[in-house]
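A.B. asks: Contents of my_file00.txt (compact mmCIF, C-alpha atoms) are below:
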# COMPACT_ATOMS: atom_id res chain seq x y z
CA MET A 1 -20.62 -5.29 7.11
CA ARG A 2 -19.31 -6.33 3.72
CA VAL A 3 -15.61 -5.66 3.11
CA ALA A 4 -13.66 -5.97 -0.15
CA LEU A 5 -9.87 -6.28 -0.13
CA ILE A 6 -7.66 -5.83 -3.20
CA SER A 7 -4.12 -7.20 -3.12
CA SER A 8 -2.13 -9.26 -5.60
CA GLU A 9 0.09 -10.36 -2.71
CA PHE A 10 -2.40 -12.23 -0.54
CA ALA A 11 -0.65 -14.73 1.74
CA GLY A 12 -0.22 -18.16 0.21
CA LEU A 13 0.46 -16.94 -3.31
CA PRO A 14 3.83 -16.56 -5.06
CA GLY A 15 5.41 -13.24 -4.16
CA SER A 16 3.48 -12.87 -0.92
CA GLY A 17 5.40 -11.15 1.83
CA GLY A 18 4.69 -8.59 4.50
CA ILE A 19 1.66 -7.18 2.64
CA GLY A 20 0.25 -10.66 2.11
CA THR A 21 0.76 -11.49 5.77
CA TYR A 22 -1.06 -8.30 6.77
CA PHE A 23 -4.09 -9.19 4.65
CA HIS A 24 -4.01 -12.77 5.96
CA HIS A 25 -4.36 -11.59 9.56
CA LEU A 26 -6.78 -8.81 8.63
CA VAL A 27 -9.12 -11.31 6.98
CA ARG A 28 -9.04 -13.55 10.04
CA GLY A 29 -9.85 -10.59 12.28
CA LEU A 30 -12.69 -9.37 10.07
CA VAL A 31 -14.24 -12.83 9.92
CA ARG A 32 -13.97 -13.09 13.70
CA ALA A 33 -15.84 -9.75 13.86
CA LYS A 34 -18.68 -11.30 11.78
CA CYS A 35 -17.89 -9.34 8.60
CA GLU A 36 -18.42 -10.70 5.11
CA VAL A 37 -15.07 -10.57 3.33
CA GLU A 38 -14.23 -10.90 -0.36
CA VAL A 39 -10.62 -10.82 -1.55
CA PHE A 40 -9.57 -9.83 -5.08
CA THR A 41 -6.12 -11.26 -5.63
CA SER A 42 -3.83 -12.88 -8.22
CA GLY A 43 -3.35 -16.57 -8.94
CA LYS A 44 -6.01 -18.99 -10.08
CA PRO A 45 -9.10 -20.55 -8.46
CA GLY A 46 -7.99 -23.30 -6.13
CA ASP A 47 -4.64 -21.69 -5.28
CA LEU A 48 -5.95 -20.66 -1.85
CA PRO A 49 -7.74 -22.95 0.60
CA ALA A 50 -11.41 -22.25 1.29
CA ARG A 51 -12.15 -20.19 4.39
CA ASP A 52 -15.45 -19.75 6.15
CA GLY A 53 -16.88 -16.31 5.51
CA VAL A 54 -14.35 -15.46 2.78
CA VAL A 55 -14.85 -15.37 -1.00
CA PHE A 56 -11.77 -15.25 -3.23
CA HIS A 57 -11.75 -13.70 -6.70
CA HIS A 58 -8.82 -14.18 -9.10
CA PRO A 59 -9.34 -11.50 -11.76
CA GLY A 60 -5.98 -11.78 -13.52
CA ASP A 61 -2.22 -11.47 -13.55
CA SER A 62 -0.41 -9.86 -10.63
CA ALA A 63 1.79 -7.67 -12.85
CA PRO A 64 1.06 -3.91 -12.74
CA PRO A 65 -0.77 -2.11 -14.20
CA ASP A 66 -2.91 -4.98 -15.54
CA PHE A 67 -3.91 -6.30 -12.13
CA ALA A 68 -5.35 -2.94 -11.07
CA VAL A 69 -7.56 -2.90 -14.17
CA TRP A 70 -8.76 -6.50 -13.85
CA ALA A 71 -9.33 -6.13 -10.11
CA GLY A 72 -11.27 -2.91 -10.71
CA LEU A 73 -13.54 -4.56 -13.27
CA ALA A 74 -14.15 -7.60 -11.07
CA PHE A 75 -14.88 -5.43 -8.04
CA ARG A 76 -17.28 -3.21 -9.98
CA ASP A 77 -19.23 -6.18 -11.33
CA ARG A 78 -19.37 -7.89 -7.94
CA HIS A 79 -20.53 -4.66 -6.27
CA ARG A 80 -23.45 -4.53 -8.69
CA GLU A 81 -24.46 -8.04 -7.63
CA LYS A 82 -24.02 -7.55 -3.89
CA ARG A 83 -23.04 -4.16 -2.54
CA PHE A 84 -19.95 -3.61 -0.40
CA ASP A 85 -19.58 -1.18 2.49
CA VAL A 86 -15.77 -0.83 2.53
CA LEU A 87 -12.96 -1.28 0.01
CA GLU A 88 -9.36 -1.51 1.23
CA CYS A 89 -6.10 -1.88 -0.66
CA GLY A 90 -2.43 -1.17 -0.09
CA GLU A 91 -0.75 1.84 -1.65
CA LEU A 92 1.98 -0.17 -3.38
CA LYS A 93 1.41 -0.33 -7.16
CA ALA A 94 -1.91 1.54 -6.70
CA GLU A 95 -3.82 -1.71 -7.13
CA GLY A 96 -7.14 -0.20 -6.02
CA LYS A 97 -6.94 2.85 -8.28
CA TRP A 98 -9.53 1.83 -10.84
CA ALA A 99 -11.84 0.13 -8.37
CA SER A 100 -12.06 3.33 -6.31
CA ARG A 101 -12.72 5.42 -9.42
CA TRP A 102 -15.36 3.16 -10.92
CA VAL A 103 -17.28 2.63 -7.66
CA ARG A 104 -17.84 5.85 -5.73
CA ASP A 105 -20.45 4.78 -3.17
CA VAL A 106 -18.11 2.62 -1.06
CA ALA A 107 -15.86 3.85 1.76
CA PHE A 108 -12.32 3.69 0.35
CA VAL A 109 -9.44 2.85 2.72
CA VAL A 110 -5.74 2.80 1.80
CA ARG A 111 -3.22 1.06 4.05
CA LEU A 112 0.32 2.42 3.84
CA HIS A 113 2.82 -0.45 3.88
CA SER A 114 5.93 0.69 1.98
CA PRO A 115 5.38 3.09 -0.93
CA SER A 116 7.63 2.69 -3.96
CA LEU A 117 9.37 5.90 -2.92
CA ILE A 118 10.49 4.32 0.36
CA LEU A 119 11.32 0.92 -1.12
CA ASN A 120 13.51 2.41 -3.82
CA ARG A 121 15.33 4.44 -1.17
CA TYR A 122 16.99 1.21 -0.01
CA LEU A 123 17.79 -0.44 -3.34
CA ASP A 124 21.13 1.40 -3.64
CA PHE A 125 20.77 2.42 -7.26
CA GLN A 126 23.37 4.88 -8.52
CA LEU A 127 22.05 7.68 -10.71
CA THR A 128 23.76 8.94 -13.81
CA PRO A 129 24.52 12.71 -13.87
CA TRP A 130 21.71 13.17 -16.44
CA ALA A 131 19.18 11.37 -14.21
CA TYR A 132 20.34 13.43 -11.23
CA PHE A 133 19.81 16.64 -13.21
CA LYS A 134 16.31 15.56 -14.35
CA LYS A 135 15.16 14.86 -10.81
CA LEU A 136 16.53 18.16 -9.54
CA PHE A 137 14.87 19.96 -12.46
CA PHE A 138 11.54 18.23 -11.66
CA GLN A 139 11.60 19.43 -8.05
CA VAL A 140 12.55 22.99 -9.01
CA THR A 141 9.71 23.05 -11.57
CA VAL A 142 7.24 21.99 -8.89
CA ALA A 143 8.52 24.70 -6.53
CA LEU A 144 8.20 27.39 -9.23
CA GLY A 145 4.66 26.23 -10.02
CA ALA A 146 3.72 26.45 -6.35
CA ARG A 147 5.17 29.96 -6.11
CA ARG A 148 3.27 31.07 -9.21
CA ARG A 149 0.02 29.81 -7.68
CA ARG A 150 0.89 31.38 -4.30
CA LEU A 151 0.97 27.98 -2.61
CA PRO A 152 3.40 26.97 0.15
CA LEU A 153 6.79 26.20 -1.35
CA PRO A 154 7.66 22.47 -1.14
CA PRO A 155 11.15 21.69 0.18
CA ILE A 156 13.89 20.62 -2.23
CA TYR A 157 15.12 17.16 -1.26
CA LEU A 158 18.70 16.38 -2.21
CA GLU A 159 19.16 13.21 -0.15
CA PRO A 160 16.64 11.05 -2.11
CA PHE A 161 18.78 11.42 -5.24
CA ALA A 162 20.91 8.61 -3.84
CA PHE A 163 18.28 6.24 -5.26
CA SER A 164 16.25 5.77 -8.41
CA TRP A 165 12.95 7.61 -8.02
CA ASN A 166 10.16 6.11 -10.12
CA GLN A 167 8.10 9.26 -10.61
CA GLU A 168 5.17 7.52 -12.32
CA ALA A 169 4.75 4.92 -9.55
CA ASP A 170 5.12 7.53 -6.82
CA LEU A 171 2.55 9.89 -8.34
CA GLU A 172 0.04 7.06 -8.93
CA GLU A 173 0.33 5.78 -5.38
CA ARG A 174 0.19 9.30 -3.96
CA ALA A 175 -2.87 10.35 -6.01
CA MET A 176 -4.80 7.21 -5.08
CA THR A 177 -3.99 7.67 -1.39
CA GLN A 178 -4.94 11.34 -1.42
CA ALA A 179 -8.39 10.36 -2.76
CA ALA A 180 -9.05 7.86 0.06
CA ASP A 181 -11.71 8.39 2.72
CA ALA A 182 -9.30 7.01 5.32
CA VAL A 183 -5.55 6.32 5.29
CA VAL A 184 -4.36 3.71 7.77
CA VAL A 185 -0.71 3.62 8.85
CA MET A 186 1.17 1.32 11.21
CA ASN A 187 3.08 3.91 13.25
CA ASP A 188 3.66 7.62 13.82
CA GLU A 189 6.65 7.70 11.48
CA MET A 190 4.50 6.61 8.52
CA ARG A 191 1.85 9.08 9.61
CA GLU A 192 4.38 11.90 9.31
CA PHE A 193 5.41 10.62 5.87
CA ALA A 194 1.77 10.66 4.71
CA LYS A 195 1.18 14.18 6.00
CA GLY A 196 4.53 15.81 5.31
CA PHE A 197 5.76 14.19 2.12
CA TRP A 198 2.52 13.20 0.39
CA GLY A 199 0.39 16.06 1.67
CA ILE A 200 -2.38 13.84 3.09
CA ASP A 201 -4.92 15.58 5.34
CA GLY A 202 -3.98 14.54 8.87
CA SER A 203 -7.64 14.15 9.87
CA VAL A 204 -8.04 11.07 7.64
CA VAL A 205 -4.80 9.37 8.74
CA LYS A 206 -5.30 6.74 11.44
CA VAL A 207 -2.53 4.83 13.25
CA VAL A 208 -3.46 1.15 13.55
CA PRO A 209 -0.68 -1.39 14.26
CA ASN A 210 -0.41 -4.46 12.05
CA PRO A 211 -2.84 -7.17 13.18
CA TYR A 212 -1.52 -10.48 14.40
CA LEU A 213 -3.74 -13.41 15.38
CA PRO A 214 -1.59 -16.32 16.56
CA VAL A 215 -2.62 -19.91 15.92
CA GLY A 216 -1.53 -23.24 17.34
CA ARG A 217 1.42 -23.21 19.70
CA ALA A 218 2.10 -19.54 19.00
CA SER A 219 -1.19 -18.65 20.69
CA GLU A 220 -0.03 -20.44 23.84
CA ALA A 221 3.45 -18.92 23.94
CA ASN A 222 4.30 -16.87 27.00
CA MET A 223 6.98 -14.51 25.72
CA SER A 224 8.42 -12.06 28.23
CA LEU A 225 9.35 -8.58 27.05
CA CYS A 226 11.86 -8.35 29.89
CA SER A 227 14.20 -11.02 28.60
CA LYS A 228 17.87 -10.60 29.52
CA GLY A 229 19.06 -12.45 26.45
CA LYS A 230 21.25 -10.87 23.78
CA THR A 231 19.94 -12.78 20.75
CA LEU A 232 17.68 -11.04 18.24
CA GLY A 233 15.35 -13.06 16.04
CA PHE A 234 14.37 -11.59 12.68
CA LEU A 235 11.94 -13.10 10.17
CA GLY A 236 12.32 -11.59 6.71
CA ARG A 237 14.75 -10.91 3.90
CA LEU A 238 18.15 -9.69 5.10
CA GLU A 239 18.35 -6.45 3.16
CA PRO A 240 18.42 -2.75 4.10
CA ARG A 241 14.83 -1.97 3.10
CA LYS A 242 13.49 -4.57 5.56
CA GLY A 243 14.93 -2.60 8.47
CA ILE A 244 17.30 -5.17 9.91
Since I need it in another form, could you write the structure as structure tokens?

C.D. replies:
Amino acid sequence: MRVALISSEFAGLPGSGGIGTYFHHLVRGLVRAKCEVEVFTSGKPGDLPARDGVVFHHPGDSAPPDFAVWAGLAFRDRHREKRFDVLECGELKAEGKWASRWVRDVAFVVRLHSPSLILNRYLDFQLTPWAYFKKLFFQVTVALGARRRRLPLPPIYLEPFAFSWNQEADLEERAMTQAADAVVVMNDEMREFAKGFWGIDGSVVKVVPNPYLPVGRASEANMSLCSKGKTLGFLGRLEPRKGI
């Protein structure tokens, strides 16, 4: 099977984080399963070490929306040379939007990591009264449109107005995910978000925990889940949106 992955945040590049780490372990697992893997990411040739069974493409800058366009063009051209079976990307910044539109004969998978809507929820932005009014007006307009078309009325959310909602980013990520053949989430909570808030068909949402393939000493570690210790280890940025 030939698998294409699109992510500007592949592990080992500037700005890589949880999403990059996910793709790092996913690639290792796919290679172990004898898949051919090609990664479309940011940076320049030579930034990432060579890996057996993996081809890296560096189509352009990591800044949105340019990366989505360059990655889409590179993926389309490469698909013409050697066809892919599966294309996967994360929902954040809708980086696979153009690739999925320009190539229709490949199974399209979107992995939900942390949509902009959720990330912005924890950035503690304070809205001005005018911005608050606009976001309330937007939701009421949507509800009236649904009623006019005799569709189920969407709920009015007041709590999210505690943060800055980037409507354009949210709608792009949502539309791309709704068009996917399969939506992969890491837990039941994200599954409920996909179904309830984004309106994704539950039959295409699959719960698959984040992959982790230990190497070196970590693979030999014997860590008991029944420890009586009271110390918690956390690897990540110490900020509300990381869950600590």

A.B. asks: Taking 6 positions as the minimum chain separation for residues in the same chain, which residues sit within 8 Å of Ala107 of chain A when counting all atoms listed in the file? Answer as a list in words.

C.D. replies: Asp85, Val86, Leu87 and Asp181 of chain A

A.B. asks: Which residue gives the smallest distance to Pro65 of chain A among A:Val106, A:Ala169, A:Ala50, A:Cys89, with only C-alpha atoms counted?

C.D. replies: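 Among the listed residues, A:Ala169 lies closest to Pro65 of chain A.
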
A.B. asks: For the point (-5.8, 11.0, -0.1) in the file's frame, write as a PyMOL selection string all residues with an atom no more than 10 Å away, counting all atoms listed in the file.

C.D. replies: chain A and resi 108-110+173-183+194-195+198-202+204-205

A.B. asks: For a quick check of understanding, using all atoms listed in the file, which of A:Gly96, A:Gly12, A:Pro59, A:Pro152 has the smallest distance to His24 of chain A?

C.D. replies: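 Of all the options, A:Gly12 lies closest to His24 of chain A.
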
A.B. asks: Once you count all atoms listed in the file, which residues end up no further than 9 Å from (-14.4, -12.0, 6.9) in the file's frame, shown as a PyMOL selection string?

C.D. replies: chain A and resi 2-3+26-38+51-55

A.B. asks: Just the selected residues (C-alpha atoms), exported as a compact mmCIF listing (two decimals), in the coordinates of the input, please.

C.D. replies:
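Result saved to selection_38.txt:
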# COMPACT_ATOMS: atom_id res chain seq x y z
CA ARG A 2 -19.31 -6.33 3.72
CA VAL A 3 -15.61 -5.66 3.11
CA LEU A 26 -6.78 -8.81 8.63
CA VAL A 27 -9.12 -11.31 6.98
CA ARG A 28 -9.04 -13.55 10.04
CA GLY A 29 -9.85 -10.59 12.28
CA LEU A 30 -12.69 -9.37 10.07
CA VAL A 31 -14.24 -12.83 9.92
CA ARG A 32 -13.97 -13.09 13.70
CA ALA A 33 -15.84 -9.75 13.86
CA LYS A 34 -18.68 -11.30 11.78
CA CYS A 35 -17.89 -9.34 8.60
CA GLU A 36 -18.42 -10.70 5.11
CA VAL A 37 -15.07 -10.57 3.33
CA GLU A 38 -14.23 -10.90 -0.36
CA ARG A 51 -12.15 -20.19 4.39
CA ASP A 52 -15.45 -19.75 6.15
CA GLY A 53 -16.88 -16.31 5.51
CA VAL A 54 -14.35 -15.46 2.78
CA VAL A 55 -14.85 -15.37 -1.00

A.B. asks: Calculate how many Å separate atom CA of Gln167 of chain A from atom CA of Val207 of chain A, rounding to one decimal.

C.D. replies: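 Computing it gives 26.5 Å between the two atoms.
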
A.B. asks: Would you work out the distance separating atom CA of Val69 of chain A from atom CA of Trp98 of chain A, expressed in Å to one decimal?

C.D. replies: 6.1 Å

A.B. asks: A:Thr21, A:Ser100, A:Asn166, A:Gln139: which is nearest Asn120 of chain A, counting all atoms listed in the file?

C.D. replies: A:Asn166

A.B. asks: From the list A:Pro129, A:Gly18, A:Pro214, A:Gly72, which residue is nearest Thr41 of chain A when using all atoms listed in the file?

C.D. replies: A:Gly72

A.B. asks: One decimal, Å: what's the distance from atom CA of Met186 of chain A over to atom CA of Val208 of chain A, could you say?

C.D. replies: 5.2 Å

A.B. asks: If you count all atoms listed in the file, which residues fall within 12 Å of Ser8 of chain A, apart from same-chain ones fewer than 3 positions away, as a PDB file with C-alpha atoms, keeping the file's coordinate frame?

C.D. replies:
ATOM      1  CA  LEU A   5      -9.870  -6.280  -0.130  1.00  0.00           C
ATOM      2  CA  ALA A  11      -0.650 -14.730   1.740  1.00  0.00           C
ATOM      3  CA  GLY A  12      -0.220 -18.160   0.210  1.00  0.00           C
ATOM      4  CA  LEU A  13       0.460 -16.940  -3.310  1.00  0.00           C
ATOM      5  CA  PRO A  14       3.830 -16.560  -5.060  1.00  0.00           C
ATOM      6  CA  GLY A  15       5.410 -13.240  -4.160  1.00  0.00           C
ATOM      7  CA  SER A  16       3.480 -12.870  -0.920  1.00  0.00           C
ATOM      8  CA  GLY A  17       5.400 -11.150   1.830  1.00  0.00           C
ATOM      9  CA  ILE A  19       1.660  -7.180   2.640  1.00  0.00           C
ATOM     10  CA  GLY A  20       0.250 -10.660   2.110  1.00  0.00           C
ATOM     11  CA  THR A  21       0.760 -11.490   5.770  1.00  0.00           C
ATOM     12  CA  PHE A  23      -4.090  -9.190   4.650  1.00  0.00           C
ATOM     13  CA  VAL A  39     -10.620 -10.820  -1.550  1.00  0.00           C
ATOM     14  CA  PHE A  40      -9.570  -9.830  -5.080  1.00  0.00           C
ATOM     15  CA  THR A  41      -6.120 -11.260  -5.630  1.00  0.00           C
ATOM     16  CA  SER A  42      -3.830 -12.880  -8.220  1.00  0.00           C
ATOM     17  CA  GLY A  43      -3.350 -16.570  -8.940  1.00  0.00           C
ATOM     18  CA  LYS A  44      -6.010 -18.990 -10.080  1.00  0.00           C
ATOM     19  CA  PHE A  56     -11.770 -15.250  -3.230  1.00  0.00           C
ATOM     20  CA  HIS A  57     -11.750 -13.700  -6.700  1.00  0.00           C
ATOM     21  CA  HIS A  58      -8.820 -14.180  -9.100  1.00  0.00           C
ATOM     22  CA  PRO A  59      -9.340 -11.500 -11.760  1.00  0.00           C
ATOM     23  CA  GLY A  60      -5.980 -11.780 -13.520  1.00  0.00           C
ATOM     24  CA  ASP A  61      -2.220 -11.470 -13.550  1.00  0.00           C
ATOM     25  CA  SER A  62      -0.410  -9.860 -10.630  1.00  0.00           C
ATOM     26  CA  ALA A  63       1.790  -7.670 -12.850  1.00  0.00           C
ATOM     27  CA  PRO A  64       1.060  -3.910 -12.740  1.00  0.00           C
ATOM     28  CA  PRO A  65      -0.770  -2.110 -14.200  1.00  0.00           C
ATOM     29  CA  ASP A  66      -2.910  -4.980 -15.540  1.00  0.00           C
ATOM     30  CA  PHE A  67      -3.910  -6.300 -12.130  1.00  0.00           C
ATOM     31  CA  ALA A  68      -5.350  -2.940 -11.070  1.00  0.00           C
ATOM     32  CA  VAL A  69      -7.560  -2.900 -14.170  1.00  0.00           C
ATOM     33  CA  TRP A  70      -8.760  -6.500 -13.850  1.00  0.00           C
ATOM     34  CA  ALA A  71      -9.330  -6.130 -10.110  1.00  0.00           C
ATOM     35  CA  CYS A  89      -6.100  -1.880  -0.660  1.00  0.00           C
ATOM     36  CA  GLY A  90      -2.430  -1.170  -0.090  1.00  0.00           C
ATOM     37  CA  GLU A  91      -0.750   1.840  -1.650  1.00  0.00           C
ATOM     38  CA  LEU A  92       1.980  -0.170  -3.380  1.00  0.00           C
ATOM     39  CA  LYS A  93       1.410  -0.330  -7.160  1.00  0.00           C
ATOM     40  CA  ALA A  94      -1.910   1.540  -6.700  1.00  0.00           C
ATOM     41  CA  GLU A  95      -3.820  -1.710  -7.130  1.00  0.00           C
ATOM     42  CA  GLY A  96      -7.140  -0.200  -6.020  1.00  0.00           C
TER      43      GLY A  96
END

A.B. asks: Could you give me the axis-aligned bounding box of segment 129-139 of chain A, with 4 Å of padding per side, as centre plus edge lengths in Å to one decimal, as AutoDock Vina command-line options?

C.D. replies:
--center_x 18.0 --center_y 15.7 --center_z -12.2 --size_x 21.0 --size_y 16.6 --size_z 16.4

A.B. asks: Of the candidates A:Val184, A:Val140, A:Met1, A:Leu153, which one gets nearest to Ser203 of chain A if we count only C-alpha atoms?

C.D. replies: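 Checking each candidate against Ser203 of chain A, we get A:Val184 as the closest.
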